[in-house]
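A.B. asks: Next up, structure_2.cif (mmCIF, C-alpha atoms and all ligand atoms).
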data_query
loop_
_atom_site.label_atom_id
_atom_site.label_comp_id
_atom_site.auth_asym_id
_atom_site.auth_seq_id
_atom_site.Cartn_x
_atom_site.Cartn_y
_atom_site.Cartn_z
CA MET A 1 -1.80 50.68 -29.99
CA ASP A 2 1.39 52.78 -30.18
CA ASN A 3 4.65 51.76 -28.50
CA HIS A 4 4.04 54.08 -25.60
CA ILE A 5 0.78 52.37 -24.72
CA ILE A 6 2.28 48.87 -25.21
CA LEU A 7 5.08 49.82 -22.81
CA LYS A 8 2.57 51.05 -20.27
CA VAL A 9 0.46 47.91 -20.62
CA SER A 10 3.44 45.59 -20.26
CA ARG A 11 4.69 47.55 -17.24
CA GLY A 12 1.24 47.25 -15.77
CA MET A 13 1.26 43.48 -16.40
CA ALA A 14 4.69 43.13 -14.83
CA ALA A 15 3.57 45.06 -11.76
CA PHE A 16 0.42 42.92 -11.61
CA MET A 17 2.45 39.68 -11.85
CA THR A 18 4.83 40.92 -9.14
CA CYS A 19 1.85 41.59 -6.92
CA ILE A 20 0.54 38.07 -7.49
CA THR A 21 3.96 36.59 -6.76
CA LEU A 22 4.37 38.68 -3.62
CA ALA A 23 0.87 37.88 -2.50
CA ALA A 24 1.54 34.19 -3.10
CA CYS A 25 4.79 34.41 -1.15
CA ALA A 26 3.08 36.31 1.62
CA ALA A 27 0.42 33.61 1.73
CA GLY A 28 3.15 30.99 2.01
CA THR A 29 2.30 29.38 -1.31
CA VAL A 30 4.82 28.51 -3.98
CA THR A 31 5.01 30.04 -7.41
CA THR A 32 7.28 27.47 -9.07
CA PRO A 33 6.29 23.80 -9.15
CA GLU A 34 7.15 22.36 -5.77
CA ARG A 35 9.68 19.53 -5.71
CA THR A 36 7.82 16.62 -4.17
CA LEU A 37 7.98 12.86 -4.59
CA LYS A 38 5.21 13.10 -7.16
CA THR A 39 6.62 16.00 -9.14
CA VAL A 40 10.17 14.61 -9.21
CA TYR A 41 9.56 10.84 -9.53
CA GLY A 42 5.98 10.62 -10.76
CA ASP A 43 7.09 9.81 -14.29
CA LYS A 44 8.88 6.66 -13.06
CA PHE A 45 6.00 4.95 -11.26
CA LEU A 46 2.92 5.76 -9.25
CA ILE A 47 3.85 7.01 -5.80
CA GLY A 48 1.19 5.88 -3.40
CA THR A 49 0.18 5.88 0.22
CA ALA A 50 -2.35 4.02 2.30
CA MET A 51 -5.00 6.29 3.78
CA ASN A 52 -7.15 5.68 6.82
CA ALA A 53 -10.80 6.67 7.10
CA ARG A 54 -10.04 9.61 9.41
CA GLN A 55 -7.79 11.19 6.82
CA VAL A 56 -10.30 10.67 4.04
CA ALA A 57 -13.00 12.24 6.23
CA GLY A 58 -10.83 15.37 6.49
CA GLU A 59 -10.13 14.94 10.21
CA ASP A 60 -6.38 15.18 9.63
CA SER A 61 -6.01 18.01 7.16
CA ALA A 62 -2.21 18.15 7.48
CA ALA A 63 -2.01 14.53 6.33
CA VAL A 64 -4.35 15.28 3.44
CA GLU A 65 -2.06 18.13 2.43
CA VAL A 66 0.93 15.75 2.38
CA VAL A 67 -1.05 13.25 0.29
CA LYS A 68 -2.05 15.88 -2.26
CA ARG A 69 1.45 17.29 -2.59
CA HIS A 70 3.56 14.14 -2.62
CA PHE A 71 1.47 11.21 -3.82
CA SER A 72 -0.18 10.19 -7.06
CA ALA A 73 -1.98 7.09 -5.78
CA VAL A 74 -3.87 5.90 -2.73
CA VAL A 75 -5.05 2.62 -1.26
CA PRO A 76 -7.52 2.22 1.59
CA GLU A 77 -5.71 0.89 4.66
CA ASN A 78 -8.77 -0.93 6.01
CA CYS A 79 -12.15 0.19 4.69
CA MET A 80 -12.38 -2.15 1.68
CA LYS A 81 -11.53 -5.24 3.73
CA CYS A 82 -14.27 -7.81 4.05
CA GLU A 83 -15.05 -7.33 7.75
CA ASN A 84 -15.58 -3.59 7.19
CA ILE A 85 -17.27 -3.42 3.83
CA HIS A 86 -19.29 -6.66 4.04
CA PRO A 87 -19.77 -7.30 7.75
CA GLU A 88 -22.86 -9.49 7.41
CA GLU A 89 -24.26 -11.62 4.64
CA GLY A 90 -26.35 -9.36 2.40
CA ARG A 91 -25.21 -6.17 4.14
CA TYR A 92 -22.51 -3.92 2.76
CA ASP A 93 -21.18 -0.69 4.22
CA PHE A 94 -19.66 1.31 1.41
CA ARG A 95 -19.48 4.66 3.18
CA ASP A 96 -15.74 4.85 3.86
CA ALA A 97 -14.77 3.17 0.61
CA ASP A 98 -17.00 5.50 -1.41
CA ALA A 99 -15.48 8.47 0.41
CA LEU A 100 -11.96 7.29 -0.42
CA VAL A 101 -12.73 6.80 -4.10
CA ASP A 102 -14.46 10.21 -4.26
CA PHE A 103 -11.50 11.84 -2.52
CA ALA A 104 -9.06 10.23 -4.93
CA GLU A 105 -11.07 11.16 -7.96
CA ALA A 106 -11.37 14.79 -6.88
CA GLY A 107 -7.59 14.96 -6.41
CA GLY A 108 -6.60 13.01 -9.53
CA LEU A 109 -5.18 10.14 -7.48
CA THR A 110 -5.09 6.56 -8.75
CA VAL A 111 -6.88 4.03 -6.52
CA THR A 112 -5.89 0.45 -5.75
CA GLY A 113 -8.58 -1.74 -4.20
CA HIS A 114 -7.33 -3.64 -1.15
CA CYS A 115 -8.22 -6.46 -0.88
CA LEU A 116 -10.77 -8.94 -2.21
CA ILE A 117 -9.83 -12.32 -0.71
CA TRP A 118 -7.79 -12.46 2.51
CA HIS A 119 -7.96 -14.78 5.50
CA SER A 120 -7.44 -11.87 7.91
CA GLN A 121 -10.02 -9.17 8.61
CA LEU A 122 -12.45 -11.55 6.99
CA ALA A 123 -16.05 -11.07 8.14
CA PRO A 124 -16.76 -13.89 10.61
CA TRP A 125 -19.79 -15.15 8.67
CA PHE A 126 -18.02 -15.52 5.36
CA THR A 127 -16.86 -19.13 5.42
CA VAL A 128 -19.28 -20.70 7.94
CA ASP A 129 -22.95 -21.61 8.07
CA ASP A 130 -25.44 -20.54 10.75
CA LYS A 131 -24.18 -23.33 13.03
CA GLY A 132 -20.60 -22.11 12.68
CA GLN A 133 -19.59 -25.06 10.52
CA PRO A 134 -17.55 -24.58 7.33
CA VAL A 135 -19.78 -24.03 4.30
CA SER A 136 -19.60 -26.31 1.28
CA ALA A 137 -17.32 -25.59 -1.66
CA GLU A 138 -20.31 -24.51 -3.74
CA VAL A 139 -21.56 -22.06 -1.13
CA LEU A 140 -18.11 -20.55 -0.63
CA LYS A 141 -17.67 -20.09 -4.38
CA GLU A 142 -21.05 -18.35 -4.52
CA ARG A 143 -20.10 -16.06 -1.62
CA MET A 144 -16.72 -15.22 -3.12
CA LYS A 145 -18.27 -14.49 -6.47
CA GLU A 146 -20.98 -12.28 -5.00
CA HIS A 147 -18.50 -10.37 -2.82
CA ILE A 148 -15.93 -9.85 -5.57
CA THR A 149 -18.52 -8.96 -8.20
CA THR A 150 -20.21 -6.45 -5.92
CA LEU A 151 -17.01 -4.60 -5.02
CA VAL A 152 -15.33 -4.68 -8.40
CA SER A 153 -18.48 -3.61 -10.28
CA ARG A 154 -19.25 -0.82 -7.84
CA TYR A 155 -15.89 0.84 -8.47
CA LYS A 156 -15.56 -0.17 -12.12
CA GLY A 157 -13.52 2.39 -14.02
CA ARG A 158 -12.62 4.16 -10.78
CA VAL A 159 -10.33 1.62 -9.13
CA LYS A 160 -7.38 0.96 -11.42
CA GLY A 161 -6.49 -2.42 -9.98
CA TRP A 162 -7.24 -4.84 -7.17
CA ASP A 163 -5.24 -6.89 -4.72
CA VAL A 164 -7.31 -9.91 -5.63
CA VAL A 165 -5.73 -12.40 -3.26
CA ASN A 166 -3.65 -11.37 -0.29
CA GLU A 167 -1.14 -13.46 1.65
CA ALA A 168 -2.02 -16.94 0.41
CA ILE A 169 1.51 -18.36 0.56
CA MET A 170 3.47 -19.13 3.73
CA ASP A 171 7.14 -18.31 4.20
CA ASP A 172 8.06 -21.96 3.51
CA GLY A 173 6.31 -21.80 0.16
CA SER A 174 3.30 -23.88 1.16
CA TYR A 175 -0.27 -22.71 0.79
CA ARG A 176 -1.68 -20.98 3.85
CA LYS A 177 -4.27 -23.24 5.42
CA SER A 178 -6.89 -20.51 5.41
CA PRO A 179 -10.61 -21.32 5.40
CA PHE A 180 -10.58 -20.62 1.66
CA TYR A 181 -7.87 -23.23 1.16
CA GLU A 182 -9.42 -25.73 3.55
CA ILE A 183 -12.74 -25.60 1.71
CA LEU A 184 -11.71 -25.04 -1.90
CA GLY A 185 -8.04 -26.01 -2.08
CA GLU A 186 -5.71 -24.14 -4.42
CA GLU A 187 -8.60 -23.51 -6.77
CA TYR A 188 -9.84 -20.55 -4.75
CA ILE A 189 -7.05 -18.36 -6.12
CA PRO A 190 -7.75 -18.74 -9.85
CA LEU A 191 -11.45 -18.48 -9.09
CA ALA A 192 -10.93 -15.14 -7.36
CA PHE A 193 -8.98 -13.81 -10.35
CA GLN A 194 -11.65 -15.10 -12.72
CA TYR A 195 -14.51 -13.46 -10.79
CA ALA A 196 -12.64 -10.14 -10.56
CA HIS A 197 -11.89 -10.12 -14.27
CA GLU A 198 -15.49 -10.93 -15.18
CA ALA A 199 -16.69 -8.00 -13.06
CA ASP A 200 -14.33 -5.45 -14.66
CA PRO A 201 -12.33 -6.68 -17.63
CA ASP A 202 -10.36 -3.42 -17.66
CA ALA A 203 -9.20 -3.58 -14.05
CA GLU A 204 -5.67 -4.63 -13.29
CA LEU A 205 -5.37 -7.66 -11.00
CA TYR A 206 -2.61 -8.30 -8.48
CA TYR A 207 -1.36 -11.02 -6.14
CA ASN A 208 -0.05 -9.37 -2.94
CA ASP A 209 2.09 -10.80 -0.12
CA TYR A 210 4.77 -10.08 2.50
CA SER A 211 8.24 -11.54 3.20
CA MET A 212 8.68 -11.98 -0.51
CA SER A 213 12.48 -12.09 -0.32
CA ILE A 214 12.43 -15.54 1.25
CA PRO A 215 13.52 -17.91 -1.53
CA ALA A 216 10.91 -20.61 -0.83
CA LYS A 217 8.14 -18.04 -0.85
CA ARG A 218 9.55 -16.31 -3.93
CA ASP A 219 9.57 -19.62 -5.82
CA ALA A 220 6.03 -20.47 -4.75
CA VAL A 221 4.72 -17.06 -5.84
CA VAL A 222 6.50 -17.41 -9.19
CA LYS A 223 4.81 -20.81 -9.65
CA LEU A 224 1.46 -19.38 -8.66
CA VAL A 225 1.69 -16.51 -11.15
CA GLN A 226 2.86 -18.86 -13.90
CA SER A 227 -0.03 -21.18 -13.19
CA LEU A 228 -2.57 -18.31 -13.28
CA LYS A 229 -1.16 -17.19 -16.62
CA GLU A 230 -1.19 -20.75 -17.98
CA GLN A 231 -4.86 -20.92 -17.11
CA GLY A 232 -5.39 -17.85 -19.27
CA LEU A 233 -6.21 -15.59 -16.32
CA ARG A 234 -5.37 -11.93 -16.15
CA VAL A 235 -2.68 -11.05 -13.65
CA ASP A 236 -0.91 -7.73 -14.03
CA ALA A 237 1.45 -7.49 -11.11
CA VAL A 238 2.88 -9.07 -8.02
CA GLY A 239 2.57 -6.79 -5.01
CA MET A 240 5.57 -6.95 -2.70
CA GLN A 241 4.41 -5.56 0.62
CA ALA A 242 7.89 -4.49 1.81
CA HIS A 243 7.27 -4.32 5.55
CA ILE A 244 10.98 -4.32 6.20
CA GLY A 245 13.29 -3.79 9.14
CA MET A 246 16.77 -2.43 9.73
CA ASP A 247 18.22 -5.95 9.58
CA TYR A 248 15.94 -7.73 7.11
CA PRO A 249 15.62 -8.51 4.31
CA GLY A 250 18.92 -8.33 2.45
CA ILE A 251 18.49 -5.81 -0.35
CA ASP A 252 20.01 -8.33 -2.80
CA ASP A 253 17.42 -10.94 -1.82
CA PHE A 254 14.69 -8.37 -2.32
CA GLU A 255 16.05 -7.54 -5.77
CA GLN A 256 16.23 -11.24 -6.67
CA SER A 257 12.53 -11.52 -5.93
CA MET A 258 11.71 -8.41 -7.95
CA LEU A 259 13.58 -9.89 -10.90
CA ALA A 260 12.01 -13.33 -10.48
CA PHE A 261 8.49 -11.89 -10.47
CA ALA A 262 9.22 -9.62 -13.44
CA ALA A 263 10.59 -12.62 -15.34
CA THR A 264 7.13 -14.20 -15.28
CA GLY A 265 5.97 -11.31 -17.46
CA VAL A 266 4.08 -9.30 -14.85
CA ASN A 267 4.90 -5.96 -13.28
CA VAL A 268 6.06 -5.49 -9.72
CA MET A 269 4.44 -3.15 -7.24
CA ILE A 270 5.89 -2.17 -3.90
CA THR A 271 2.56 -2.12 -2.17
CA GLU A 272 3.04 -1.63 1.58
CA TRP A 273 6.37 0.03 2.17
CA ASP A 274 7.51 0.82 5.68
CA MET A 275 10.62 0.11 7.71
CA SER A 276 10.56 -0.32 11.46
CA ALA A 277 13.39 1.52 13.20
CA LEU A 278 12.93 -0.61 16.32
CA PRO A 279 14.61 -3.84 17.41
CA THR A 280 13.32 -6.83 15.53
CA VAL A 281 11.24 -9.03 17.79
CA SER A 282 12.24 -12.62 17.35
CA ARG A 283 9.39 -14.87 16.38
CA THR A 284 10.13 -17.06 19.35
CA ALA A 285 10.11 -14.17 21.84
CA ASP A 286 7.33 -14.23 24.32
CA VAL A 287 5.50 -11.11 23.30
CA SER A 288 2.89 -11.81 25.94
CA ASP A 289 5.48 -9.81 27.81
CA THR A 290 6.95 -8.30 30.94
CA VAL A 291 7.42 -4.58 31.62
CA ALA A 292 11.17 -5.00 31.11
CA PHE A 293 10.61 -6.71 27.77
CA ARG A 294 8.31 -3.95 26.60
CA GLU A 295 10.78 -1.25 27.58
CA ALA A 296 13.64 -3.01 25.84
CA MET A 297 11.52 -3.31 22.73
CA ASN A 298 10.54 0.37 22.81
CA PRO A 299 13.91 2.10 23.11
CA TYR A 300 13.08 5.45 21.47
CA PRO A 301 9.78 6.66 22.94
CA ASP A 302 10.67 10.33 22.37
CA ALA A 303 12.89 10.50 19.27
CA LEU A 304 15.27 8.44 17.20
CA PRO A 305 18.94 8.92 18.09
CA ASP A 306 20.85 10.54 15.19
CA SER A 307 22.89 7.41 14.46
CA VAL A 308 19.75 5.27 14.12
CA SER A 309 18.01 7.93 12.06
CA GLU A 310 20.98 8.14 9.70
CA ALA A 311 21.09 4.37 9.25
CA TRP A 312 17.33 4.28 8.73
CA ASN A 313 17.42 7.02 6.10
CA ALA A 314 20.36 5.46 4.28
CA ARG A 315 18.65 2.07 4.07
CA MET A 316 15.33 3.52 2.95
CA ARG A 317 17.14 5.49 0.29
CA SER A 318 18.88 2.33 -0.96
CA PHE A 319 15.51 0.66 -1.36
CA PHE A 320 14.08 3.63 -3.22
CA GLU A 321 17.11 3.59 -5.51
CA LEU A 322 16.48 -0.11 -6.12
CA PHE A 323 12.89 0.68 -7.10
CA LEU A 324 14.14 3.41 -9.46
CA LYS A 325 16.71 1.04 -10.95
CA HIS A 326 13.86 -1.25 -11.98
CA ALA A 327 11.38 1.42 -12.98
CA ASP A 328 10.90 -0.43 -16.27
CA PHE A 329 8.78 -3.00 -14.44
CA VAL A 330 8.02 -1.33 -11.09
CA THR A 331 4.74 0.44 -11.71
CA ARG A 332 3.88 1.64 -8.21
CA VAL A 333 5.62 2.30 -4.90
CA THR A 334 3.16 2.72 -2.04
CA ALA A 335 3.96 3.63 1.57
CA TRP A 336 1.79 1.92 4.17
CA GLY A 337 0.55 5.11 5.79
CA VAL A 338 1.27 8.83 5.64
CA THR A 339 3.11 9.70 8.87
CA ASP A 340 4.87 7.72 11.59
CA GLY A 341 2.01 8.45 13.95
CA ASP A 342 -0.45 6.62 11.67
CA SER A 343 1.52 3.43 11.29
CA TRP A 344 0.31 -0.02 12.32
CA LYS A 345 3.94 -0.68 13.29
CA ASN A 346 3.43 1.28 16.52
CA ASP A 347 1.34 -1.65 17.70
CA PHE A 348 2.91 -4.61 15.99
CA PRO A 349 4.33 -7.02 16.99
CA VAL A 350 4.53 -5.37 20.41
CA PRO A 351 1.68 -2.99 21.29
CA GLY A 352 2.29 0.57 22.41
CA ARG A 353 5.70 1.15 20.82
CA THR A 354 6.84 4.39 19.23
CA ASP A 355 8.11 3.47 15.78
CA TYR A 356 9.42 5.60 12.91
CA PRO A 357 8.66 3.54 9.80
CA LEU A 358 7.21 5.97 7.23
CA LEU A 359 8.29 8.69 4.84
CA PHE A 360 6.88 11.57 6.91
CA ASP A 361 7.40 12.16 10.61
CA ARG A 362 4.80 12.87 13.29
CA ASP A 363 4.97 16.57 12.41
CA TYR A 364 4.14 15.81 8.76
CA GLN A 365 7.69 16.67 7.67
CA PRO A 366 9.49 14.61 5.03
CA LYS A 367 12.25 12.42 6.41
CA PRO A 368 15.78 13.49 5.39
CA PHE A 369 16.05 10.87 2.63
CA VAL A 370 12.73 12.03 1.13
CA GLN A 371 13.85 15.65 1.33
CA ALA A 372 17.16 14.77 -0.32
CA LEU A 373 15.49 12.76 -3.09
CA CYS A 374 13.12 15.64 -3.81
CA ASN A 375 15.91 18.19 -3.99
CA GLU A 376 18.05 16.22 -6.37
CA THR A 377 18.05 16.55 -10.10
CA GLU A 378 18.99 13.64 -12.25
O1 LIG B 401 -2.44 -1.36 8.55
C1 LIG B 401 -3.51 -2.26 8.77
C2 LIG B 401 -3.95 -2.18 10.22
O2 LIG B 401 -4.54 -0.92 10.48
C3 LIG B 401 -4.93 -3.30 10.51
O3 LIG B 401 -5.23 -3.30 11.89
C4 LIG B 401 -4.31 -4.62 10.11
C5 LIG B 401 -5.23 -5.77 10.40
O4 LIG B 401 -4.70 -6.96 9.98
O5 LIG B 401 -4.01 -4.60 8.74
C6 LIG B 401 -3.03 -3.67 8.45
O6 LIG B 401 -2.69 -3.72 7.08
C7 LIG B 401 -2.20 -4.98 6.60
C8 LIG B 401 -2.56 -5.07 5.14
O7 LIG B 401 -3.93 -4.91 4.97
C9 LIG B 401 -2.10 -6.39 4.56
N1 LIG B 401 -0.71 -6.62 4.80
C10 LIG B 401 -0.25 -6.45 6.15
C11 LIG B 401 -0.68 -5.10 6.70
C12 LIG B 401 -0.15 -4.90 8.11
O8 LIG B 401 -0.75 -5.83 8.98
#
Please re-express this file's structure in structure tokens.
Ligand code: 9MR
C.D. replies:
Amino acid sequence: MDNHIILKVSRGMAAFMTCITLAACAAGTVTTPERTLKTVYGDKFLIGTAMNARQVAGEDSAAVEVVKRHFSAVVPENCMKCENIHPEEGRYDFRDADALVDFAEAGGLTVTGHCLIWHSQLAPWFTVDDKGQPVSAEVLKERMKEHITTLVSRYKGRVKGWDVVNEAIMDDGSYRKSPFYEILGEEYIPLAFQYAHEADPDAELYYNDYSMSIPAKRDAVVKLVQSLKEQGLRVDAVGMQAHIGMDYPGIDDFEQSMLAFAATGVNVMITEWDMSALPTVSRTADVSDTVAFREAMNPYPDALPDSVSEAWNARMRSFFELFLKHADFVTRVTAWGVTDGDSWKNDFPVPGRTDYPLLFDRDYQPKPFVQALCNETE
């Protein structure tokens, strides 16, 4: 090939590449790697989101687009919970959970299984006999083992880790008096970890809970993790749910808990991150309600005022910076839902509110602090 031909070929290639670029631009696609949470912070920790069954089924394609662009991990919001996946003894319904794991695999997303043993959203049959009386310790152990083994083995090698036990400790540090505790005592927790490990020795295993900044709860979870480790059980991380508000918890208290958990030798995961922008409902308030109460508790039905939005974004950013600061032991940060419209917070603790707790708004746009984080270079 003489120089003349090489020049012609390279000009042709350049023209071809320009065409591709222009075509891509015309099609609204990007030609340089897009700056998203995943592309900018994905080397620090997994960036996850909870997904609902509607999204996984492709009924909300804009949400799916956000998930694919910004997140590297997913967790099912509800479909792996006992009442959904194991509604009756001997009958499982794996359809939604299978779909989520398939979706994740196709998109290269890491899956967390949520959750194996939890007092809430527990199938009604699970801890009682056919007369509605509590089953014996032996029967409950058998049921737990069968349930855990079935789920963990089914997704072996596809689910990276499991929330093995969820919300077993109360805010005062005592054990929750759940049916599991009433029948088996504290022993149900190590048993759950043992059964999960036997079913998939490679799966990571987590203890997951909320309000983890409260000192009494922090101390009790530290003791629990230490005791599991002393018993030779696998426990990889403590999941801090991080359902926070504008006025709780103190970020220093949250950091103290992160450090306390990490000091036991496990990782920390921020597993269910959201922050209500609405007034905190006092635990003593009568949420059974009056119209006036509901209106006072739902002050921004159309949009957040700028001042509230700014405060919300600043506080969320401070938490994300805290997670980055401890990226040596924070292995995953997961938002509890994709957009504000999807969030459970719209209905809790007062039903029918319009809340703004997540990283993407109702129009699937990143919140200002997410946009700013994505645009920054270190
Ligand atoms: O977001 C979930 C919501 O759709 C369910 O109705 C609710 C039922 O309890 O559970 C929500 O998720 C919870 C999670 O599984 C465990 N931690 C607390 C979460 C918020 O309640």
A.B. asks: Let me make sure I understand: among A:Asp253, A:Asp171, A:Glu77, A:Asp342, which one has the smallest atom-to-atom distance to ligand LIG 401 (chain B) if we use all atoms listed in the file?
C.D. replies: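 Answer, going by the shortest atom-to-atom distance: A:Glu77.
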A.B. asks: What's the 10 Å shell around Gly341 (chain A), counting all atoms listed in the file, without same-chain residues fewer than 5 positions away, as a list in words?
C.D. replies: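 Once the nearby chain positions are removed, what remains is Asn346, Thr354, Asp355, Tyr356, Pro357, Leu358, Phe360, Asp361, Arg362, Asp363 and Tyr364 of chain A.
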A.B. asks: What lies within 10 Å of Pro201 (chain A) using all atoms listed in the file, ignoring chain neighbours under 5 positions off, as a PyMOL selection string?
C.D. replies: chain A and resi 152+156-157+194-196+234
A.B. asks: CA of Asp98 (chain A) to CA of Phe348 (chain A): how many Å, to one decimal?
C.D. replies: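 So the answer is 28.3 Å.
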A.B. asks: At a cut-off of 7 Å, using all atoms listed in the file, what residues contact Trp336 (chain A)? Leave out same-chain residues fewer than 2 positions from it and give the result as a list in words.
C.D. replies: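 With the cut-off at 7 Å, the set is Thr49, Ala50, Glu272, Trp273, Asp274 and Thr334 of chain A.
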